[in-house]
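Visitor: Below is the file my_file_8.json, with JSON, C-alpha atoms.
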```
[["chain", "number", "residue", "atom", "x", "y", "z"],
["A", 238, "MET", "CA", 21.85, -22.07, -18.98],
["A", 239, "PRO", "CA", 23.99, -21.50, -22.11],
["A", 240, "VAL", "CA", 27.20, -19.72, -21.18],
["A", 241, "ASP", "CA", 26.54, -16.95, -23.72],
["A", 242, "GLU", "CA", 22.95, -16.27, -22.67],
["A", 243, "ILE", "CA", 22.26, -12.66, -21.71],
["A", 244, "THR", "CA", 21.07, -12.23, -18.14],
["A", 245, "ALA", "CA", 19.56, -9.38, -16.16],
["A", 246, "ALA", "CA", 23.04, -8.48, -14.93],
["A", 247, "ALA", "CA", 23.75, -6.92, -18.34],
["A", 248, "ALA", "CA", 21.54, -3.96, -17.38],
["A", 249, "GLY", "CA", 23.69, -3.06, -14.38],
["A", 250, "SER", "CA", 22.54, -2.58, -10.79],
["A", 251, "TRP", "CA", 20.98, -0.03, -8.46],
["A", 252, "THR", "CA", 19.82, -0.01, -4.85],
["A", 253, "LEU", "CA", 16.40, -0.33, -3.28],
["A", 254, "GLY", "CA", 16.97, 0.63, 0.31],
["A", 255, "ASP", "CA", 19.53, -1.79, 1.69],
["A", 256, "ARG", "CA", 19.29, -4.14, -1.29],
["A", 257, "THR", "CA", 21.13, -4.06, -4.60],
["A", 258, "VAL", "CA", 19.14, -5.28, -7.58],
["A", 259, "HIS", "CA", 19.70, -5.67, -11.30],
["A", 260, "ARG", "CA", 18.10, -2.80, -13.18],
["A", 261, "MET", "CA", 16.23, -5.23, -15.43],
["A", 262, "GLY", "CA", 13.40, -6.62, -13.35],
["A", 263, "PHE", "CA", 10.08, -8.31, -14.07],
["A", 264, "GLY", "CA", 6.48, -7.10, -13.83],
["A", 265, "SER", "CA", 3.97, -9.77, -12.87],
["A", 266, "MET", "CA", 0.69, -8.19, -14.01],
["A", 267, "ARG", "CA", 0.56, -10.13, -17.29],
["A", 268, "THR", "CA", 1.19, -13.53, -15.71],
["A", 269, "THR", "CA", -2.47, -13.91, -14.71],
["A", 270, "PRO", "CA", -4.61, -14.12, -17.92],
["A", 271, "ASP", "CA", -3.55, -17.64, -19.00],
["A", 272, "PRO", "CA", -6.04, -20.18, -17.57],
["A", 273, "ASP", "CA", -3.12, -22.60, -17.17],
["A", 274, "PRO", "CA", -1.09, -21.29, -14.21],
["A", 275, "THR", "CA", 1.82, -23.62, -14.93],
["A", 276, "ARG", "CA", 2.86, -21.40, -17.85],
["A", 277, "ALA", "CA", 3.13, -18.36, -15.57],
["A", 278, "ILE", "CA", 5.04, -20.41, -13.02],
["A", 279, "ARG", "CA", 7.55, -21.46, -15.69],
["A", 280, "VAL", "CA", 8.01, -17.84, -16.81],
["A", 281, "LEU", "CA", 8.59, -16.63, -13.25],
["A", 282, "ARG", "CA", 11.13, -19.35, -12.56],
["A", 283, "ARG", "CA", 12.86, -18.65, -15.86],
["A", 284, "ALA", "CA", 13.06, -14.95, -15.01],
["A", 285, "VAL", "CA", 14.94, -15.73, -11.82],
["A", 286, "GLU", "CA", 17.18, -18.20, -13.69],
["A", 287, "LEU", "CA", 18.04, -15.32, -16.04],
["A", 288, "GLY", "CA", 19.16, -13.16, -13.16],
["A", 289, "VAL", "CA", 16.01, -11.18, -12.34],
["A", 290, "ASP", "CA", 16.12, -10.29, -8.65],
["A", 291, "HIS", "CA", 13.40, -7.60, -8.57],
["A", 292, "ILE", "CA", 9.77, -8.57, -9.21],
["A", 293, "ASP", "CA", 6.91, -6.08, -9.22],
["A", 294, "THR", "CA", 3.43, -7.21, -8.20],
["A", 295, "ALA", "CA", 0.20, -6.28, -6.43],
["A", 296, "ALA", "CA", -2.58, -8.22, -4.73],
["A", 297, "PHE", "CA", -5.05, -6.66, -7.21],
["A", 298, "TYR", "CA", -3.21, -8.23, -10.15],
["A", 299, "VAL", "CA", -5.71, -11.03, -10.72],
["A", 300, "SER", "CA", -7.60, -12.67, -13.56],
["A", 301, "PRO", "CA", -10.41, -12.94, -14.35],
["A", 302, "GLY", "CA", -11.17, -9.29, -13.73],
["A", 303, "GLY", "CA", -8.48, -7.28, -11.99],
["A", 304, "THR", "CA", -6.58, -4.50, -13.72],
["A", 305, "LEU", "CA", -6.56, -6.29, -17.09],
["A", 306, "ASN", "CA", -10.27, -7.19, -16.93],
["A", 307, "VAL", "CA", -9.75, -10.36, -18.99],
["A", 308, "GLY", "CA", -9.86, -14.10, -18.62],
["A", 309, "ASP", "CA", -12.15, -16.74, -17.23],
["A", 310, "GLY", "CA", -11.99, -19.68, -14.87],
["A", 311, "PRO", "CA", -10.83, -19.65, -11.25],
["A", 312, "ALA", "CA", -9.05, -16.61, -9.81],
["A", 313, "ARG", "CA", -5.33, -16.44, -10.53],
["A", 314, "TYR", "CA", -3.49, -13.90, -8.36],
["A", 315, "ALA", "CA", -0.03, -12.78, -9.45],
["A", 316, "THR", "CA", 1.09, -12.85, -5.84],
["A", 317, "GLU", "CA", 0.01, -16.48, -5.48],
["A", 318, "LEU", "CA", 1.67, -17.42, -8.77],
["A", 319, "ILE", "CA", 4.89, -15.86, -7.48],
["A", 320, "ARG", "CA", 4.58, -17.90, -4.29],
["A", 321, "ALA", "CA", 3.90, -21.13, -6.21],
["A", 322, "ALA", "CA", 6.85, -20.50, -8.50],
["A", 323, "LEU", "CA", 9.49, -19.20, -6.14],
["A", 324, "ALA", "CA", 8.79, -20.06, -2.49],
["A", 325, "PRO", "CA", 10.88, -20.66, -0.49],
["A", 326, "TYR", "CA", 12.20, -17.40, -1.86],
["A", 327, "PRO", "CA", 15.86, -16.87, -2.80],
["A", 328, "GLU", "CA", 17.57, -14.60, -0.30],
["A", 329, "HIS", "CA", 18.57, -12.13, -3.02],
["A", 330, "LEU", "CA", 15.05, -11.73, -4.46],
["A", 331, "VAL", "CA", 13.26, -8.40, -3.85],
["A", 332, "ILE", "CA", 9.49, -8.39, -4.28],
["A", 333, "THR", "CA", 7.87, -4.98, -4.63],
["A", 334, "THR", "CA", 4.13, -4.63, -4.25],
["A", 335, "LYS", "CA", 1.68, -1.75, -4.14],
["A", 336, "VAL", "CA", -1.29, -0.73, -2.05],
["A", 337, "GLY", "CA", -3.92, 1.97, -2.17],
["A", 338, "PHE", "CA", -6.21, -0.21, -4.26],
["A", 339, "GLY", "CA", -7.88, -3.53, -3.64],
["A", 340, "TYR", "CA", -9.92, -6.02, -5.62],
["A", 341, "ASP", "CA", -12.80, -8.33, -4.91],
["A", 342, "PRO", "CA", -15.20, -10.03, -7.34],
["A", 343, "ALA", "CA", -18.22, -8.11, -6.07],
["A", 344, "ARG", "CA", -16.71, -4.60, -6.02],
["A", 345, "GLY", "CA", -14.10, -5.01, -8.71],
["A", 346, "LEU", "CA", -11.05, -2.76, -8.45],
["A", 347, "TYR", "CA", -11.54, -0.17, -5.71],
["A", 348, "GLU", "CA", -9.52, 2.61, -4.14],
["A", 349, "ASP", "CA", -8.90, 2.55, -0.39],
["A", 350, "ALA", "CA", -5.98, 4.47, 1.10],
["A", 351, "SER", "CA", -7.42, 4.68, 4.60],
["A", 352, "PRO", "CA", -5.14, 3.43, 7.39],
["A", 353, "ALA", "CA", -7.41, 0.43, 7.97],
["A", 354, "GLY", "CA", -7.66, -0.30, 4.25],
["A", 355, "LEU", "CA", -3.91, -0.09, 3.77],
["A", 356, "ARG", "CA", -3.26, -2.45, 6.66],
["A", 357, "ALA", "CA", -5.75, -4.94, 5.21],
["A", 358, "GLN", "CA", -4.03, -4.73, 1.82],
["A", 359, "VAL", "CA", -0.59, -5.23, 3.37],
["A", 360, "GLU", "CA", -1.88, -8.26, 5.24],
["A", 361, "GLU", "CA", -3.43, -9.65, 2.05],
["A", 362, "ASN", "CA", -0.10, -9.30, 0.23],
["A", 363, "LEU", "CA", 1.67, -11.05, 3.09],
["A", 364, "ARG", "CA", -0.86, -13.88, 3.04],
["A", 365, "ARG", "CA", -0.91, -14.42, -0.72],
["A", 366, "LEU", "CA", 2.88, -14.18, -1.05],
["A", 367, "GLY", "CA", 3.46, -16.34, 2.03],
["A", 368, "ARG", "CA", 5.79, -13.81, 3.64],
["A", 369, "ASP", "CA", 6.22, -12.42, 7.15],
["A", 370, "HIS", "CA", 7.30, -9.07, 5.72],
["A", 371, "LEU", "CA", 7.15, -7.17, 2.42],
["A", 372, "ASP", "CA", 10.41, -5.98, 0.86],
["A", 373, "VAL", "CA", 9.05, -2.81, -0.75],
["A", 374, "VAL", "CA", 5.52, -1.38, -0.66],
["A", 375, "ASN", "CA", 4.55, 1.42, -3.05],
["A", 376, "LEU", "CA", 1.66, 3.70, -2.15],
["A", 377, "ARG", "CA", -0.36, 3.88, -5.40],
["A", 378, "ILE", "CA", -2.49, 7.00, -5.62],
["A", 379, "VAL", "CA", -4.85, 8.77, -7.99],
["A", 380, "ARG", "CA", -3.60, 12.30, -8.54],
["A", 381, "ARG", "CA", -6.26, 14.83, -7.53],
["A", 382, "PRO", "CA", -5.04, 18.43, -7.65],
["A", 383, "GLY", "CA", -5.90, 20.28, -4.49],
["A", 384, "ARG", "CA", -6.92, 17.26, -2.41],
["A", 385, "ASP", "CA", -4.34, 14.58, -2.86],
["A", 386, "SER", "CA", -1.92, 14.80, 0.07],
["A", 387, "VAL", "CA", -0.18, 11.49, 0.72],
["A", 388, "ALA", "CA", 0.67, 12.33, 4.33],
["A", 389, "GLU", "CA", -2.00, 10.26, 6.09],
["A", 390, "ALA", "CA", -1.64, 7.20, 3.89],
["A", 391, "PHE", "CA", 2.16, 7.28, 3.77],
["A", 392, "GLY", "CA", 2.23, 7.83, 7.53],
["A", 393, "ALA", "CA", 0.09, 4.73, 7.99],
["A", 394, "LEU", "CA", 2.53, 2.69, 5.90],
["A", 395, "ALA", "CA", 5.44, 4.16, 7.83],
["A", 396, "GLY", "CA", 3.78, 2.82, 10.98],
["A", 397, "LEU", "CA", 3.58, -0.65, 9.44],
["A", 398, "ARG", "CA", 7.24, -0.30, 8.49],
["A", 399, "GLU", "CA", 8.10, 0.47, 12.11],
["A", 400, "ALA", "CA", 6.09, -2.60, 13.14],
["A", 401, "GLY", "CA", 8.28, -4.79, 10.90],
["A", 402, "LEU", "CA", 5.67, -5.71, 8.29],
["A", 403, "ILE", "CA", 7.40, -3.63, 5.60],
["A", 404, "ARG", "CA", 11.10, -3.02, 5.02],
["A", 405, "HIS", "CA", 11.02, -0.17, 2.51],
["A", 406, "LEU", "CA", 8.50, 2.29, 1.10],
["A", 407, "GLY", "CA", 7.91, 3.80, -2.32],
["A", 408, "LEU", "CA", 5.37, 5.85, -4.27],
["A", 409, "SER", "CA", 3.44, 5.26, -7.48],
["A", 410, "ASN", "CA", 1.67, 7.63, -9.89],
["A", 411, "VAL", "CA", 2.94, 10.73, -8.07],
["A", 412, "ARG", "CA", 4.31, 14.23, -8.55],
["A", 413, "ARG", "CA", 7.37, 15.85, -7.01],
["A", 414, "ASP", "CA", 5.31, 17.44, -4.23],
["A", 415, "HIS", "CA", 4.17, 13.97, -3.18],
["A", 416, "LEU", "CA", 7.78, 12.85, -3.02],
["A", 417, "ASP", "CA", 8.69, 15.93, -0.99],
["A", 418, "GLU", "CA", 5.84, 15.29, 1.43],
["A", 419, "ALA", "CA", 6.54, 11.57, 1.82],
["A", 420, "GLN", "CA", 10.26, 12.07, 2.47],
["A", 421, "THR", "CA", 9.44, 14.19, 5.52],
["A", 422, "ILE", "CA", 7.69, 11.12, 6.96],
["A", 423, "ALA", "CA", 9.91, 8.16, 6.03],
["A", 424, "PRO", "CA", 12.60, 7.23, 3.47],
["A", 425, "VAL", "CA", 11.38, 6.68, -0.09],
["A", 426, "VAL", "CA", 13.38, 4.10, -2.07],
["A", 427, "CYS", "CA", 11.53, 4.27, -5.39],
["A", 428, "VAL", "CA", 9.01, 6.15, -7.49],
["A", 429, "GLN", "CA", 6.96, 4.11, -9.96],
["A", 430, "ASN", "CA", 5.22, 6.14, -12.67],
["A", 431, "ALA", "CA", 4.03, 5.65, -16.23],
["A", 432, "TYR", "CA", 6.88, 6.53, -18.59],
["A", 433, "ALA", "CA", 7.83, 5.47, -22.12],
["A", 434, "VAL", "CA", 9.68, 6.76, -25.15],
["A", 435, "ASP", "CA", 6.34, 7.85, -26.62],
["A", 436, "ASN", "CA", 4.59, 8.67, -23.35],
["A", 437, "ARG", "CA", 6.85, 10.85, -21.23],
["A", 438, "GLY", "CA", 4.32, 13.47, -20.25],
["A", 439, "GLU", "CA", 5.98, 15.82, -17.75],
["A", 440, "GLN", "CA", 7.99, 13.07, -16.08],
["A", 441, "ASP", "CA", 11.54, 14.04, -17.07],
["A", 442, "PRO", "CA", 12.06, 16.58, -14.24],
["A", 443, "LEU", "CA", 10.82, 14.09, -11.65],
["A", 444, "LEU", "CA", 13.03, 11.36, -13.12],
["A", 445, "ARG", "CA", 16.06, 13.64, -12.80],
["A", 446, "GLU", "CA", 15.09, 14.70, -9.29],
["A", 447, "CYS", "CA", 14.83, 11.07, -8.20],
["A", 448, "GLY", "CA", 18.35, 10.51, -9.50],
["A", 449, "ALA", "CA", 19.65, 13.52, -7.57],
["A", 450, "ARG", "CA", 18.10, 12.13, -4.39],
["A", 451, "GLY", "CA", 19.30, 8.56, -4.93],
["A", 452, "VAL", "CA", 15.72, 7.32, -5.39],
["A", 453, "ALA", "CA", 15.10, 4.60, -7.97],
["A", 454, "TYR", "CA", 12.75, 5.63, -10.78],
["A", 455, "VAL", "CA", 10.75, 2.63, -12.02],
["A", 456, "PRO", "CA", 8.68, 3.21, -15.18],
["A", 457, "PHE", "CA", 5.62, 1.10, -15.83],
["A", 458, "PHE", "CA", 4.04, 0.74, -19.30],
["A", 459, "ALA", "CA", 7.47, 1.22, -20.91],
["A", 460, "LEU", "CA", 6.37, -1.22, -23.63],
["A", 461, "ALA", "CA", 2.68, -0.33, -23.68],
["A", 462, "GLY", "CA", 2.96, 3.46, -23.71],
["A", 463, "THR", "CA", -0.47, 5.04, -23.97],
["A", 464, "ARG", "CA", -2.04, 1.61, -24.52],
["A", 465, "ARG", "CA", -1.44, 0.95, -20.83],
["A", 466, "GLU", "CA", -3.23, -2.24, -19.71],
["A", 467, "SER", "CA", -4.07, -3.10, -23.33],
["A", 468, "GLY", "CA", -0.54, -4.35, -23.91],
["A", 469, "ALA", "CA", 2.63, -3.60, -25.84],
["A", 470, "VAL", "CA", 2.36, -1.23, -28.78],
["A", 471, "ALA", "CA", 2.47, -2.78, -32.25],
["A", 472, "GLU", "CA", 3.39, 0.37, -34.16],
["A", 473, "HIS", "CA", 6.60, 2.29, -33.50],
["A", 474, "ALA", "CA", 8.15, 5.56, -34.57],
["A", 475, "ALA", "CA", 10.55, 5.51, -37.50],
["A", 476, "ALA", "CA", 13.46, 6.30, -35.17],
["A", 477, "VAL", "CA", 12.70, 3.24, -33.05],
["A", 478, "HIS", "CA", 12.69, 1.03, -36.14],
["A", 479, "ALA", "CA", 15.95, 2.57, -37.38],
["A", 480, "VAL", "CA", 17.76, 1.96, -34.09],
["A", 481, "ALA", "CA", 16.36, -1.56, -33.92],
["A", 482, "ARG", "CA", 17.69, -2.36, -37.41],
["A", 483, "ALA", "CA", 21.11, -0.96, -36.53],
["A", 484, "HIS", "CA", 21.39, -3.26, -33.51],
["A", 485, "GLY", "CA", 19.64, -6.31, -34.91],
["A", 486, "ALA", "CA", 17.08, -5.90, -32.15],
["A", 487, "THR", "CA", 13.31, -5.66, -31.90],
["A", 488, "PRO", "CA", 11.53, -2.31, -31.46],
["A", 489, "HIS", "CA", 10.40, -3.43, -28.01],
["A", 490, "GLN", "CA", 14.00, -4.09, -27.03],
["A", 491, "VAL", "CA", 14.90, -0.57, -28.16],
["A", 492, "ARG", "CA", 12.09, 0.84, -26.02],
["A", 493, "LEU", "CA", 13.49, -0.96, -22.98],
["A", 494, "ALA", "CA", 17.06, 0.06, -23.76],
["A", 495, "TRP", "CA", 15.95, 3.69, -24.09],
["A", 496, "THR", "CA", 14.26, 3.39, -20.69],
["A", 497, "LEU", "CA", 17.43, 2.12, -19.02],
["A", 498, "HIS", "CA", 19.52, 4.81, -20.71],
["A", 499, "ARG", "CA", 17.47, 7.57, -19.07],
["A", 500, "GLY", "CA", 19.64, 7.29, -15.97],
["A", 501, "PRO", "CA", 21.60, 4.81, -13.85],
["A", 502, "HIS", "CA", 18.83, 4.93, -11.23],
["A", 503, "VAL", "CA", 16.12, 3.86, -13.69],
["A", 504, "LEU", "CA", 14.84, 0.29, -13.35],
["A", 505, "ALA", "CA", 12.81, -1.61, -15.95],
["A", 506, "ILE", "CA", 9.99, -3.98, -15.04],
["A", 507, "PRO", "CA", 8.62, -5.36, -18.34],
["A", 508, "GLY", "CA", 6.06, -8.08, -17.87],
["A", 509, "THR", "CA", 4.99, -11.01, -20.00],
["A", 510, "GLY", "CA", 3.51, -14.46, -19.84],
["A", 511, "ASP", "CA", 5.55, -15.57, -22.88],
["A", 512, "PRO", "CA", 8.96, -17.23, -22.30],
["A", 513, "GLU", "CA", 10.38, -15.92, -25.60],
["A", 514, "HIS", "CA", 9.30, -12.37, -24.86],
["A", 515, "LEU", "CA", 10.90, -12.73, -21.43],
["A", 516, "ARG", "CA", 14.20, -13.71, -23.01],
["A", 517, "GLN", "CA", 14.06, -10.78, -25.44],
["A", 518, "ASN", "CA", 13.15, -8.31, -22.70],
["A", 519, "ILE", "CA", 16.07, -9.34, -20.52],
["A", 520, "ALA", "CA", 18.47, -9.28, -23.47],
["A", 521, "ALA", "CA", 17.49, -5.63, -24.05],
["A", 522, "GLY", "CA", 19.59, -4.79, -20.99],
["A", 523, "ALA", "CA", 22.70, -5.49, -23.05],
["A", 524, "LEU", "CA", 21.87, -2.93, -25.77],
["A", 525, "ARG", "CA", 24.10, 0.13, -25.66],
["A", 526, "LEU", "CA", 22.67, 3.14, -27.44],
["A", 527, "SER", "CA", 24.84, 6.03, -28.59],
["A", 528, "ASP", "CA", 24.14, 9.67, -27.70],
["A", 529, "GLU", "CA", 23.10, 10.21, -31.30],
["A", 530, "GLU", "CA", 20.62, 7.32, -31.12],
["A", 531, "MET", "CA", 19.19, 8.58, -27.84],
["A", 532, "ALA", "CA", 18.78, 12.04, -29.36],
["A", 533, "ALA", "CA", 17.01, 10.56, -32.37],
["A", 534, "LEU", "CA", 14.63, 8.66, -30.11],
["A", 535, "GLY", "CA", 13.84, 11.86, -28.23]]
```
Show how you would write the structure in this file as C-alpha cells.

Guide:
Amino acid sequence: MPVDEITAAAAGSWTLGDRTVHRMGFGSMRTTPDPDPTRAIRVLRRAVELGVDHIDTAAFYVSPGGTLNVGDGPARYATELIRAALAPYPEHLVITTKVGFGYDPARGLYEDASPAGLRAQVEENLRRLGRDHLDVVNLRIVRRPGRDSVAEAFGALAGLREAGLIRHLGLSNVRRDHLDEAQTIAPVVCVQNAYAVDNRGEQDPLLRECGARGVAYVPFFALAGTRRESGAVAEHAAAVHAVARAHGATPHQVRLAWTLHRGPHVLAIPGTGDPEHLRQNIAAGALRLSDEEMAALG
C-alpha cells in the first residue's frame, strides 16, 4: 500500500458495543450483481487492506433477485462473498448483519420477525458467513403506526444473544419509540436508518438522541438518497458541487463527508463493486468541511 494512501482511519473511530471501529465502513449489498464473484472478492479484500473494519451485510443480499432485483446466473450471496474473501476473519473485523426479512427464490424477499423466523435467519447468517457467532445483528422492521412494537422480536434476539449466538444488537428503519422500547429489553449499539444530505426526512432528532445515548447512528443510502436500491444519485445540488470543487473532490465524496460530519457517533457504510469507487469512498473520510460549508449543504 502506498504510504500516502488514505485509509478508513482518516474518518476517526467509534464503538459498537465492546468493539472500536473506524467510522468509514463498507456496505456489501452491491457486491452481488456482478456474475464474476472474483471481482467482489477483490473489492472486499481491498476494503480491509484500506482499513475498513466494519462491514454491513444481510443474508437477503443476493443476486439474482434479492433487494436489488438484478442479475442472472447462479446465486451470489453477499455473506458468502464475505466468507470467500475474508475467512479466516481478522480479529479486528466487525460484521454487522440484519434480520426481520428473508429471501428464497420461490417467495422472493419476505418479512418474518417471528421468534422462529428470526432464529432461522440468524442461523442462516451464521452458516453463510461461516461463523459461530454474529458480531452485531440489527432488527430490520417495517414501520406500521399503531401496530409495530418491536418488543417480541427484539426480545427473541435478546434470547439468542444470551445463548451466545449474537454479541450485540441494533435496530434498523426505526423511530425513537422503538429505540426506547428496545433499550428496556437489551442494550442497543446502533441504529441504521435511511439518511442522506437530500433525504433527511425527520431523522435529525433521532440522530441527535442516539449521540446522547452513545448509540452509533449508521445511515444507509447516503449516496443513493431517494433512489435507494437504484444506486448513487447522478445529479447533485449546487451546494454539493460547490463544496466538491473547493476540495477537489467528487460530489459523492462530499455526500459521505457531510454524513460523517453529522456527529462523531455517525458511521458510514457506502457500498460498491468497483475498486476505484471504493478508494474514493474511503478517501472521503479525510475531507474536513467547515461550519459554513455544512450550513450551505443544509

Visitor: Considering all atoms listed in the file, return as a PyMOL selection string whatever protein or nucleic-acid residues lie within 7 Å of region 299-308 of chain A, sequence-local ones (same chain, fewer than 4 positions apart) excluded.

Guide: chain A and resi 269-270+312-315+340+345-346+466

Visitor: Taking (14.6, -10.9, -19.4) in the file's own coordinates, collect the residues within 8 Å, counting all atoms listed in the file, and hand them back as a list in words.

Guide: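 Residues with an atom close enough to that point: Thr244, Ala245, Met261, Gly262, Phe263, Ala284, Leu287, Val289, His514, Leu515, Arg516, Gln517, Asn518, Ile519, Ala520 and Ala521 of chain A.
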
Visitor: If we count all atoms listed in the file, what is near Arg412 (chain A) at a cut-off of 10 Å, once residues fewer than 5 positions away on the same chain are taken out, given as number ranges by chain?

Guide: A: 380, 417, 428, 430, 439-440, 442-443

Visitor: Give me the residues within 12 Å of His291 (chain A) as an MDAnalysis selection string, counting all atoms listed in the file and dropping any in the same chain fewer than 4 places off.

Guide: chainID A and resid 245:246 250:253 256:265 281 284:285 287 319 326:334 372:373 455 504:508

Visitor: Calculate how many Å separate CA of Leu371 (chain A) from CA of Asp273 (chain A), rounding to one decimal.

Guide: 27.0 Å

Visitor: Of the residues A:Gly288, A:Pro272, A:Pro488, A:Gly354, which is the one nearest to Ala476 (chain A), using all atoms listed in the file?

Guide: A:Pro488

Visitor: Report, in Å to a single decimal, how far apart CA of Asp293 (chain A) and CA of Gly500 (chain A) are.

Guide: 19.7 Å

Visitor: Between CA of Ala296 (chain A) and CA of Tyr347 (chain A), measure the distance and give it in Å to one decimal.

Guide: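 CA of Tyr347 (chain A) lies 12.1 Å from CA of Ala296 (chain A).
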
Visitor: Calculated over only C-alpha atoms, which of the candidates A:Asp271, A:Asp369, A:Glu242, A:Asp385 has the smallest distance to Ala400 (chain A)?

Guide: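 Using only C-alpha atoms, Ala400 (chain A) sits closest to A:Asp369.
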